[in-house]
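Trainee: Below is the file work.cif, with mmCIF, N, CA and C atoms.
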data_run
#
loop_
_atom_site.label_atom_id
_atom_site.label_comp_id
_atom_site.auth_asym_id
_atom_site.auth_seq_id
_atom_site.Cartn_x
_atom_site.Cartn_y
_atom_site.Cartn_z
N MET A 4 11.20 29.10 3.75
CA MET A 4 10.25 29.92 4.48
C MET A 4 9.02 30.13 3.59
N VAL A 5 7.86 30.06 4.23
CA VAL A 5 6.61 30.28 3.51
C VAL A 5 5.77 31.31 4.26
N LYS A 6 4.89 31.95 3.53
CA LYS A 6 4.00 32.91 4.17
C LYS A 6 3.17 32.20 5.23
N ARG A 7 2.95 32.89 6.32
CA ARG A 7 2.20 32.33 7.45
C ARG A 7 0.87 31.73 7.00
N LYS A 8 0.10 32.49 6.22
CA LYS A 8 -1.22 32.00 5.82
C LYS A 8 -1.11 30.78 4.90
N ASN A 9 0.03 30.64 4.19
CA ASN A 9 0.19 29.47 3.32
C ASN A 9 0.37 28.18 4.11
N LEU A 10 0.73 28.30 5.39
CA LEU A 10 0.78 27.12 6.24
C LEU A 10 -0.62 26.49 6.36
N LEU A 11 -1.66 27.33 6.28
CA LEU A 11 -3.04 26.80 6.29
C LEU A 11 -3.29 25.94 5.06
N LEU A 12 -2.83 26.41 3.91
CA LEU A 12 -2.99 25.65 2.68
C LEU A 12 -2.23 24.32 2.76
N ILE A 13 -1.00 24.37 3.25
CA ILE A 13 -0.19 23.17 3.37
C ILE A 13 -0.86 22.18 4.32
N ALA A 14 -1.33 22.67 5.47
CA ALA A 14 -2.02 21.80 6.42
C ALA A 14 -3.28 21.21 5.80
N GLY A 15 -4.05 22.05 5.12
CA GLY A 15 -5.28 21.58 4.49
C GLY A 15 -5.01 20.50 3.47
N LEU A 16 -4.02 20.72 2.62
CA LEU A 16 -3.69 19.72 1.59
C LEU A 16 -3.18 18.43 2.23
N PHE A 17 -2.43 18.55 3.32
CA PHE A 17 -1.95 17.37 4.04
C PHE A 17 -3.14 16.55 4.55
N TRP A 18 -4.10 17.23 5.19
CA TRP A 18 -5.28 16.56 5.73
C TRP A 18 -6.10 15.92 4.62
N ILE A 19 -6.24 16.60 3.50
CA ILE A 19 -7.02 16.05 2.38
C ILE A 19 -6.35 14.78 1.84
N VAL A 20 -5.05 14.86 1.58
CA VAL A 20 -4.33 13.70 1.05
C VAL A 20 -4.36 12.54 2.05
N ALA A 21 -4.12 12.84 3.31
CA ALA A 21 -4.15 11.79 4.34
C ALA A 21 -5.55 11.17 4.40
N GLY A 22 -6.57 12.01 4.40
CA GLY A 22 -7.94 11.51 4.47
C GLY A 22 -8.30 10.64 3.28
N LEU A 23 -7.92 11.06 2.08
CA LEU A 23 -8.23 10.26 0.89
C LEU A 23 -7.49 8.93 0.91
N ASN A 24 -6.27 8.93 1.43
CA ASN A 24 -5.53 7.66 1.55
C ASN A 24 -6.22 6.72 2.54
N VAL A 25 -6.70 7.26 3.64
CA VAL A 25 -7.41 6.43 4.63
C VAL A 25 -8.72 5.90 4.02
N VAL A 26 -9.44 6.75 3.29
CA VAL A 26 -10.66 6.30 2.62
C VAL A 26 -10.34 5.16 1.66
N LEU A 27 -9.27 5.30 0.89
CA LEU A 27 -8.89 4.27 -0.08
C LEU A 27 -8.64 2.93 0.60
N VAL A 28 -7.90 2.95 1.71
CA VAL A 28 -7.65 1.71 2.46
C VAL A 28 -8.97 1.11 2.92
N GLY A 29 -9.86 1.96 3.41
CA GLY A 29 -11.15 1.49 3.88
C GLY A 29 -12.01 0.91 2.77
N VAL A 30 -12.03 1.57 1.63
CA VAL A 30 -12.83 1.08 0.50
C VAL A 30 -12.29 -0.27 0.02
N GLN A 31 -10.98 -0.41 -0.01
CA GLN A 31 -10.39 -1.70 -0.40
C GLN A 31 -10.85 -2.81 0.55
N SER A 32 -10.89 -2.52 1.84
CA SER A 32 -11.37 -3.51 2.81
C SER A 32 -12.87 -3.72 2.66
N PHE A 33 -13.60 -2.64 2.45
CA PHE A 33 -15.05 -2.73 2.26
C PHE A 33 -15.38 -3.67 1.10
N LEU A 34 -14.63 -3.58 0.03
CA LEU A 34 -14.90 -4.41 -1.15
C LEU A 34 -14.52 -5.88 -0.94
N GLN A 35 -13.72 -6.15 0.09
CA GLN A 35 -13.36 -7.54 0.41
C GLN A 35 -14.45 -8.24 1.21
N VAL A 36 -15.36 -7.47 1.77
CA VAL A 36 -16.43 -8.04 2.59
C VAL A 36 -17.50 -8.62 1.66
N ASP A 37 -18.08 -9.72 2.08
CA ASP A 37 -19.16 -10.35 1.32
C ASP A 37 -20.24 -9.33 0.99
N GLY A 38 -20.66 -9.29 -0.26
CA GLY A 38 -21.62 -8.29 -0.74
C GLY A 38 -22.89 -8.22 0.08
N GLU A 39 -23.38 -9.36 0.56
CA GLU A 39 -24.61 -9.36 1.36
C GLU A 39 -24.40 -8.77 2.75
N SER A 40 -23.16 -8.75 3.19
CA SER A 40 -22.87 -8.22 4.54
C SER A 40 -22.55 -6.74 4.54
N ARG A 41 -22.36 -6.15 3.35
CA ARG A 41 -21.92 -4.76 3.27
C ARG A 41 -22.96 -3.75 3.72
N TRP A 42 -24.21 -3.99 3.50
CA TRP A 42 -25.24 -2.98 3.73
C TRP A 42 -25.21 -2.43 5.15
N TRP A 43 -24.96 -3.28 6.13
CA TRP A 43 -24.96 -2.83 7.53
C TRP A 43 -23.80 -1.91 7.84
N MET A 44 -22.75 -1.93 7.02
CA MET A 44 -21.54 -1.16 7.29
C MET A 44 -21.74 0.34 7.06
N PHE A 45 -22.75 0.72 6.31
CA PHE A 45 -22.96 2.14 6.04
C PHE A 45 -23.40 2.91 7.28
N ILE A 46 -24.16 2.28 8.15
CA ILE A 46 -24.63 2.98 9.36
C ILE A 46 -23.46 3.35 10.27
N PRO A 47 -22.60 2.39 10.67
CA PRO A 47 -21.46 2.80 11.50
C PRO A 47 -20.49 3.72 10.76
N MET A 48 -20.42 3.60 9.43
CA MET A 48 -19.54 4.48 8.65
C MET A 48 -19.98 5.94 8.83
N VAL A 49 -21.28 6.17 8.76
CA VAL A 49 -21.82 7.52 8.93
C VAL A 49 -21.62 8.00 10.36
N VAL A 50 -21.80 7.11 11.33
CA VAL A 50 -21.61 7.47 12.74
C VAL A 50 -20.15 7.86 12.98
N VAL A 51 -19.22 7.06 12.46
CA VAL A 51 -17.78 7.36 12.62
C VAL A 51 -17.48 8.72 11.99
N PHE A 52 -18.00 8.95 10.79
CA PHE A 52 -17.78 10.24 10.13
C PHE A 52 -18.30 11.38 11.01
N ALA A 53 -19.52 11.26 11.51
CA ALA A 53 -20.13 12.34 12.30
C ALA A 53 -19.32 12.64 13.55
N ILE A 54 -18.88 11.61 14.24
CA ILE A 54 -18.10 11.80 15.48
C ILE A 54 -16.78 12.49 15.17
N PHE A 55 -16.04 11.98 14.19
CA PHE A 55 -14.74 12.57 13.88
C PHE A 55 -14.87 13.93 13.21
N ALA A 56 -15.92 14.14 12.43
CA ALA A 56 -16.11 15.46 11.79
C ALA A 56 -16.30 16.53 12.86
N MET A 57 -17.09 16.23 13.89
CA MET A 57 -17.28 17.20 14.98
C MET A 57 -15.97 17.46 15.71
N MET A 58 -15.25 16.41 15.99
CA MET A 58 -13.99 16.54 16.72
C MET A 58 -12.95 17.30 15.88
N PHE A 59 -12.80 16.91 14.62
CA PHE A 59 -11.79 17.53 13.76
C PHE A 59 -12.12 18.97 13.40
N ARG A 60 -13.40 19.32 13.37
CA ARG A 60 -13.77 20.71 13.09
C ARG A 60 -13.17 21.63 14.15
N ASN A 61 -13.25 21.20 15.41
CA ASN A 61 -12.64 21.98 16.50
C ASN A 61 -11.12 22.00 16.38
N VAL A 62 -10.54 20.87 16.00
CA VAL A 62 -9.10 20.79 15.83
C VAL A 62 -8.66 21.75 14.72
N ALA A 63 -9.41 21.77 13.62
CA ALA A 63 -9.06 22.65 12.49
C ALA A 63 -9.13 24.12 12.90
N ARG A 64 -10.14 24.47 13.68
CA ARG A 64 -10.27 25.86 14.14
C ARG A 64 -9.08 26.24 15.00
N LYS A 65 -8.73 25.40 15.96
CA LYS A 65 -7.59 25.68 16.84
C LYS A 65 -6.29 25.73 16.05
N HIS A 66 -6.17 24.81 15.11
CA HIS A 66 -4.97 24.74 14.27
C HIS A 66 -4.82 26.02 13.46
N ALA A 67 -5.90 26.45 12.83
CA ALA A 67 -5.87 27.68 12.02
C ALA A 67 -5.57 28.89 12.89
N ASN A 68 -6.19 28.97 14.04
CA ASN A 68 -5.94 30.10 14.94
C ASN A 68 -4.49 30.14 15.39
N ARG A 69 -3.92 28.96 15.65
CA ARG A 69 -2.50 28.90 16.06
C ARG A 69 -1.62 29.42 14.94
N ILE A 70 -1.86 28.95 13.72
CA ILE A 70 -1.04 29.37 12.58
C ILE A 70 -1.17 30.88 12.36
N LEU A 71 -2.38 31.37 12.37
CA LEU A 71 -2.59 32.80 12.09
C LEU A 71 -2.13 33.70 13.24
N SER A 72 -1.89 33.13 14.41
CA SER A 72 -1.43 33.94 15.54
C SER A 72 0.09 34.14 15.56
N TYR A 73 0.81 33.41 14.70
CA TYR A 73 2.25 33.62 14.64
C TYR A 73 2.52 35.07 14.23
N GLU A 74 3.51 35.67 14.87
CA GLU A 74 3.82 37.07 14.58
C GLU A 74 4.60 37.23 13.28
N ALA A 75 5.47 36.31 12.98
CA ALA A 75 6.30 36.41 11.77
C ALA A 75 5.42 36.23 10.53
N SER A 76 5.75 36.95 9.47
CA SER A 76 4.97 36.84 8.23
C SER A 76 5.41 35.63 7.41
N LYS A 77 6.66 35.18 7.61
CA LYS A 77 7.16 33.98 6.93
C LYS A 77 7.73 33.03 7.97
N LEU A 78 7.44 31.75 7.78
CA LEU A 78 7.83 30.73 8.75
C LEU A 78 8.37 29.50 8.04
N PRO A 79 9.18 28.71 8.74
CA PRO A 79 9.62 27.44 8.15
C PRO A 79 8.41 26.51 7.98
N ILE A 80 8.45 25.69 6.95
CA ILE A 80 7.32 24.83 6.63
C ILE A 80 6.98 23.87 7.77
N TRP A 81 7.97 23.48 8.56
CA TRP A 81 7.71 22.55 9.66
C TRP A 81 6.80 23.14 10.73
N ARG A 82 6.59 24.47 10.71
CA ARG A 82 5.69 25.11 11.68
C ARG A 82 4.22 24.90 11.31
N THR A 83 3.97 24.18 10.20
CA THR A 83 2.60 23.86 9.81
C THR A 83 1.88 23.16 10.95
N PHE A 84 2.58 22.27 11.63
CA PHE A 84 2.02 21.57 12.79
C PHE A 84 2.89 21.87 14.00
N ASP A 85 2.29 21.79 15.17
CA ASP A 85 3.07 21.94 16.40
C ASP A 85 3.52 20.54 16.84
N VAL A 86 4.27 20.47 17.93
CA VAL A 86 4.80 19.19 18.40
C VAL A 86 3.67 18.20 18.67
N LYS A 87 2.63 18.67 19.34
CA LYS A 87 1.48 17.81 19.63
C LYS A 87 0.87 17.27 18.34
N GLY A 88 0.75 18.12 17.33
CA GLY A 88 0.21 17.69 16.04
C GLY A 88 1.04 16.61 15.39
N TYR A 89 2.36 16.79 15.41
CA TYR A 89 3.23 15.78 14.83
C TYR A 89 3.15 14.46 15.60
N LEU A 90 3.06 14.54 16.92
CA LEU A 90 2.92 13.32 17.72
C LEU A 90 1.62 12.59 17.41
N ILE A 91 0.55 13.33 17.27
CA ILE A 91 -0.74 12.71 16.93
C ILE A 91 -0.67 12.04 15.57
N ILE A 92 -0.03 12.70 14.60
CA ILE A 92 0.12 12.11 13.26
C ILE A 92 0.88 10.79 13.35
N VAL A 93 1.99 10.78 14.07
CA VAL A 93 2.82 9.58 14.18
C VAL A 93 2.05 8.46 14.88
N VAL A 94 1.37 8.78 15.98
CA VAL A 94 0.63 7.76 16.72
C VAL A 94 -0.53 7.20 15.88
N MET A 95 -1.28 8.09 15.22
CA MET A 95 -2.41 7.64 14.41
C MET A 95 -1.94 6.78 13.22
N MET A 96 -0.92 7.24 12.53
CA MET A 96 -0.43 6.46 11.38
C MET A 96 0.16 5.13 11.85
N GLY A 97 0.99 5.20 12.87
CA GLY A 97 1.61 3.98 13.38
C GLY A 97 0.58 3.00 13.92
N GLY A 98 -0.39 3.53 14.65
CA GLY A 98 -1.45 2.67 15.19
C GLY A 98 -2.27 2.03 14.10
N GLY A 99 -2.63 2.81 13.10
CA GLY A 99 -3.42 2.28 11.99
C GLY A 99 -2.68 1.20 11.22
N MET A 100 -1.40 1.45 10.97
CA MET A 100 -0.60 0.45 10.26
C MET A 100 -0.45 -0.83 11.08
N ALA A 101 -0.23 -0.66 12.39
CA ALA A 101 -0.08 -1.83 13.26
C ALA A 101 -1.37 -2.64 13.33
N LEU A 102 -2.50 -1.96 13.43
CA LEU A 102 -3.79 -2.67 13.47
C LEU A 102 -3.98 -3.55 12.24
N ARG A 103 -3.63 -3.01 11.09
CA ARG A 103 -3.81 -3.79 9.85
C ARG A 103 -2.71 -4.84 9.68
N PHE A 104 -1.47 -4.47 9.94
CA PHE A 104 -0.35 -5.39 9.73
C PHE A 104 -0.46 -6.63 10.62
N PHE A 105 -0.84 -6.43 11.88
CA PHE A 105 -0.95 -7.55 12.82
C PHE A 105 -2.35 -8.14 12.86
N HIS A 106 -3.22 -7.68 11.96
CA HIS A 106 -4.60 -8.20 11.85
C HIS A 106 -5.32 -8.16 13.20
N LEU A 107 -5.20 -7.01 13.88
CA LEU A 107 -5.82 -6.85 15.19
C LEU A 107 -7.29 -6.48 15.11
N VAL A 108 -7.73 -6.09 13.93
CA VAL A 108 -9.14 -5.77 13.72
C VAL A 108 -9.61 -6.47 12.44
N PRO A 109 -10.87 -6.87 12.40
CA PRO A 109 -11.37 -7.56 11.20
C PRO A 109 -11.50 -6.61 10.01
N THR A 110 -11.51 -7.19 8.83
CA THR A 110 -11.66 -6.43 7.59
C THR A 110 -12.92 -5.58 7.62
N GLU A 111 -13.99 -6.10 8.20
CA GLU A 111 -15.25 -5.34 8.28
C GLU A 111 -15.06 -4.04 9.05
N PHE A 112 -14.27 -4.08 10.12
CA PHE A 112 -14.02 -2.87 10.90
C PHE A 112 -13.30 -1.83 10.06
N VAL A 113 -12.24 -2.25 9.39
CA VAL A 113 -11.49 -1.33 8.52
C VAL A 113 -12.42 -0.81 7.43
N GLY A 114 -13.31 -1.68 6.93
CA GLY A 114 -14.21 -1.33 5.85
C GLY A 114 -15.24 -0.27 6.19
N PHE A 115 -15.61 -0.13 7.47
CA PHE A 115 -16.53 0.95 7.83
C PHE A 115 -15.84 2.09 8.57
N PHE A 116 -14.82 1.77 9.37
CA PHE A 116 -14.18 2.80 10.18
C PHE A 116 -13.32 3.73 9.34
N TYR A 117 -12.49 3.17 8.47
CA TYR A 117 -11.58 3.97 7.69
C TYR A 117 -12.27 4.93 6.73
N PRO A 118 -13.31 4.52 5.99
CA PRO A 118 -13.98 5.51 5.14
C PRO A 118 -14.60 6.65 5.94
N GLY A 119 -15.17 6.35 7.10
CA GLY A 119 -15.74 7.41 7.94
C GLY A 119 -14.66 8.34 8.46
N LEU A 120 -13.59 7.77 8.99
CA LEU A 120 -12.47 8.56 9.51
C LEU A 120 -11.81 9.37 8.40
N GLY A 121 -11.52 8.72 7.29
CA GLY A 121 -10.84 9.39 6.18
C GLY A 121 -11.66 10.53 5.60
N SER A 122 -12.97 10.33 5.51
CA SER A 122 -13.84 11.40 5.00
C SER A 122 -13.82 12.60 5.94
N ALA A 123 -13.80 12.34 7.24
CA ALA A 123 -13.74 13.44 8.22
C ALA A 123 -12.39 14.16 8.12
N LEU A 124 -11.31 13.41 7.93
CA LEU A 124 -9.99 14.03 7.75
C LEU A 124 -9.98 14.92 6.51
N ALA A 125 -10.50 14.40 5.40
CA ALA A 125 -10.52 15.18 4.16
C ALA A 125 -11.39 16.42 4.31
N MET A 126 -12.52 16.28 4.99
CA MET A 126 -13.39 17.44 5.21
C MET A 126 -12.67 18.51 6.02
N THR A 127 -11.90 18.08 7.00
CA THR A 127 -11.12 19.02 7.80
C THR A 127 -10.10 19.74 6.93
N GLY A 128 -9.48 19.01 6.03
CA GLY A 128 -8.55 19.64 5.10
C GLY A 128 -9.23 20.69 4.24
N ILE A 129 -10.44 20.38 3.80
CA ILE A 129 -11.20 21.35 3.00
C ILE A 129 -11.50 22.60 3.83
N LEU A 130 -11.83 22.42 5.10
CA LEU A 130 -12.09 23.58 5.98
C LEU A 130 -10.83 24.45 6.10
N LEU A 131 -9.68 23.80 6.22
CA LEU A 131 -8.42 24.57 6.33
C LEU A 131 -8.09 25.28 5.03
N VAL A 132 -8.34 24.65 3.90
CA VAL A 132 -8.11 25.31 2.61
C VAL A 132 -9.06 26.49 2.45
N ARG A 133 -10.30 26.33 2.89
CA ARG A 133 -11.26 27.46 2.83
C ARG A 133 -10.78 28.60 3.74
N ARG A 134 -10.25 28.26 4.91
CA ARG A 134 -9.73 29.28 5.82
C ARG A 134 -8.54 30.00 5.19
N TRP A 135 -7.69 29.25 4.48
CA TRP A 135 -6.58 29.86 3.75
C TRP A 135 -7.12 30.82 2.69
N GLY A 136 -8.14 30.40 1.95
CA GLY A 136 -8.73 31.25 0.93
C GLY A 136 -9.28 32.54 1.52
N LYS A 137 -9.90 32.42 2.68
CA LYS A 137 -10.44 33.61 3.36
C LYS A 137 -9.29 34.51 3.79
N ALA A 138 -8.22 33.95 4.35
CA ALA A 138 -7.06 34.75 4.77
C ALA A 138 -6.37 35.36 3.57
N GLU A 139 -6.32 34.64 2.47
CA GLU A 139 -5.70 35.15 1.24
C GLU A 139 -6.50 36.34 0.71
N HIS A 140 -7.80 36.21 0.77
CA HIS A 140 -8.69 37.28 0.26
C HIS A 140 -8.62 38.53 1.15
N GLU A 141 -8.48 38.32 2.46
CA GLU A 141 -8.42 39.44 3.41
C GLU A 141 -7.10 40.19 3.29
N GLY A 142 -6.10 39.51 2.73
CA GLY A 142 -4.79 40.18 2.56
C GLY A 142 -3.92 39.94 3.70
#
Could I get this file's structure written as structure tokens?

Mentor:
Amino acid sequence: MVKRKNLLLIAGLFWIVAGLNVVLVGVQSFLQVDGESRWWMFIPMVVVFAIFAMMFRNVARKHANRILSYEASKLPIWRTFDVKGYLIIVVMMGGGMALRFFHLVPTEFVGFFYPGLGSALAMTGILLVRRWGKAEHEG
């Protein structure tokens, strides 16, 4: 059992680690692309980041509100995410692995999409850790 507000920290750290792993996969693909072709990849990378950052910011807010609305002061760690959250994690991870394993998308796509997506995931984790810090400070 963990303190309710510590579920925010756990969720935030999960999002940060997941995001950094996705960025790493993307950077590895980015570096496989011909050097002269890389410059164009920064524009869609920023667009992907902006789209997912806006979407995940709302997800983080709802996620934090759900966690903080629990009545119990201590909860099992698995309550960090709800069923929908766990399903999204499984689908996103499984889908991403399948795309790369079966070579369903070109290296260039992974090279711009994954760094943008991963950065947005990590940023969301930082927002959740900040929310935990605020809840910790409030008592």

Trainee: What does the distance from atom CA of Gly29 of chain A to atom CA of Ile54 of chain A come to in Å, to one decimal?

Mentor: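 A separation of 17.0 Å between them.
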
Trainee: Can you list every residue in chain A that DSSP puts in alpha helix (DSSP H), as number ranges by chain?

Mentor: A: 9-35, 45-72, 86-104, 110-141

Trainee: When the PyMOL selection byres ((chain A and resi 120) around 6.5) is applied to the structure above, which residues does it catch, written out as a list of chain:residue names?

Mentor: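 Applying the PyMOL selection byres ((chain A and resi 120) around 6.5) to the structure shown produces A:Gly22, A:Val25, A:Val26, A:Val51, A:Phe52, A:Phe55, A:Phe115, A:Phe116, A:Tyr117, A:Pro118, A:Gly119, A:Gly121, A:Ser122, A:Ala123, A:Leu124, A:Ala125.
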
Trainee: Find the distance between atom C of Glu139 of chain A and atom CA of Ala67 of chain A and write it in Å to one decimal.

Mentor: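 Pair atom C of Glu139 of chain A / atom CA of Ala67 of chain A returns 14.3 Å.
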
Trainee: Written as a PyMOL selection string, what is the full residue list that the PyMOL selection byres (((chain A and resi 77 and name CA) around 9) and name CA) yields on the file shown?

Mentor: chain A and resi 4-8+74-76+78-79

Trainee: Care to translate the PyMOL selection byres ((chain A and resi 11) around 8) into actual residues of this file, as a CSV table (one decimal) with N, CA and C atoms, in the frame of the given file?

Mentor:
chain,number,residue,atom,x,y,z
A,6,LYS,N,4.9,32.0,3.5
A,6,LYS,CA,4.0,32.9,4.2
A,6,LYS,C,3.2,32.2,5.2
A,7,ARG,N,3.0,32.9,6.3
A,7,ARG,CA,2.2,32.3,7.4
A,7,ARG,C,0.9,31.7,7.0
A,8,LYS,N,0.1,32.5,6.2
A,8,LYS,CA,-1.2,32.0,5.8
A,8,LYS,C,-1.1,30.8,4.9
A,9,ASN,N,0.0,30.6,4.2
A,9,ASN,CA,0.2,29.5,3.3
A,9,ASN,C,0.4,28.2,4.1
A,10,LEU,N,0.7,28.3,5.4
A,10,LEU,CA,0.8,27.1,6.2
A,10,LEU,C,-0.6,26.5,6.4
A,12,LEU,N,-2.8,26.4,3.9
A,12,LEU,CA,-3.0,25.6,2.7
A,12,LEU,C,-2.2,24.3,2.8
A,13,ILE,N,-1.0,24.4,3.2
A,13,ILE,CA,-0.2,23.2,3.4
A,13,ILE,C,-0.9,22.2,4.3
A,14,ALA,N,-1.3,22.7,5.5
A,14,ALA,CA,-2.0,21.8,6.4
A,14,ALA,C,-3.3,21.2,5.8
A,15,GLY,N,-4.0,22.0,5.1
A,15,GLY,CA,-5.3,21.6,4.5
A,15,GLY,C,-5.0,20.5,3.5
A,16,LEU,N,-4.0,20.7,2.6
A,16,LEU,CA,-3.7,19.7,1.6
A,16,LEU,C,-3.2,18.4,2.2
A,17,PHE,N,-2.4,18.6,3.3
A,17,PHE,CA,-2.0,17.4,4.0
A,17,PHE,C,-3.1,16.6,4.6
A,66,HIS,N,-6.2,24.8,15.1
A,66,HIS,CA,-5.0,24.7,14.3
A,66,HIS,C,-4.8,26.0,13.5
A,67,ALA,N,-5.9,26.4,12.8
A,67,ALA,CA,-5.9,27.7,12.0
A,67,ALA,C,-5.6,28.9,12.9
A,70,ILE,N,-1.9,29.0,13.7
A,70,ILE,CA,-1.0,29.4,12.6
A,70,ILE,C,-1.2,30.9,12.4
A,71,LEU,N,-2.4,31.4,12.4
A,71,LEU,CA,-2.6,32.8,12.1
A,71,LEU,C,-2.1,33.7,13.2
A,83,THR,N,4.0,24.2,10.2
A,83,THR,CA,2.6,23.9,9.8
A,83,THR,C,1.9,23.2,11.0
A,128,GLY,N,-9.5,19.0,6.0
A,128,GLY,CA,-8.6,19.6,5.1
A,128,GLY,C,-9.2,20.7,4.2
A,130,LEU,N,-11.8,22.4,5.1
A,130,LEU,CA,-12.1,23.6,6.0
A,130,LEU,C,-10.8,24.4,6.1
A,131,LEU,N,-9.7,23.8,6.2
A,131,LEU,CA,-8.4,24.6,6.3
A,131,LEU,C,-8.1,25.3,5.0
A,132,VAL,N,-8.3,24.6,3.9
A,132,VAL,CA,-8.1,25.3,2.6
A,132,VAL,C,-9.1,26.5,2.4
A,133,ARG,N,-10.3,26.3,2.9
A,133,ARG,CA,-11.3,27.5,2.8
A,133,ARG,C,-10.8,28.6,3.7
A,134,ARG,N,-10.2,28.3,4.9
A,134,ARG,CA,-9.7,29.3,5.8
A,134,ARG,C,-8.5,30.0,5.2
A,135,TRP,N,-7.7,29.2,4.5
A,135,TRP,CA,-6.6,29.9,3.8
A,135,TRP,C,-7.1,30.8,2.7
A,136,GLY,N,-8.1,30.4,2.0
A,136,GLY,CA,-8.7,31.2,0.9
A,136,GLY,C,-9.3,32.5,1.5

Trainee: How far is it from atom N of Arg103 of chain A to atom CA of Val36 of chain A, in Å with one decimal?

Mentor: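 Computing the Euclidean distance for atom N of Arg103 of chain A and atom CA of Val36 of chain A yields 16.2 Å.
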
Trainee: Calculated over all atoms listed in the file, which of the candidates A:Leu23, A:Glu39, A:Phe59, A:Ser32 has the smallest distance to Thr127 of chain A?

Mentor: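 Result for the nearest residue to Thr127 of chain A: A:Phe59.
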
Trainee: Looking only at strand (DSSP E or B) from DSSP on the backbone, list the matching residues of chain A as a count of residues only.

Mentor: 4

Trainee: Pick from A:Lys65, A:Ile129, A:Phe45, A:Arg60: nearest to Gly88 of chain A, with only C-alpha atoms counted?

Mentor: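 Of A:Lys65, A:Ile129, A:Phe45, A:Arg60, the one nearest Gly88 of chain A, counting only C-alpha atoms, is A:Lys65.
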
Trainee: So, with only C-alpha atoms as the atoms that count, which of A:Tyr73, A:Tyr89, A:Phe112, A:Trp18 lies closest to Gln35 of chain A?

Mentor: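 Nearest to Gln35 of chain A: A:Phe112.
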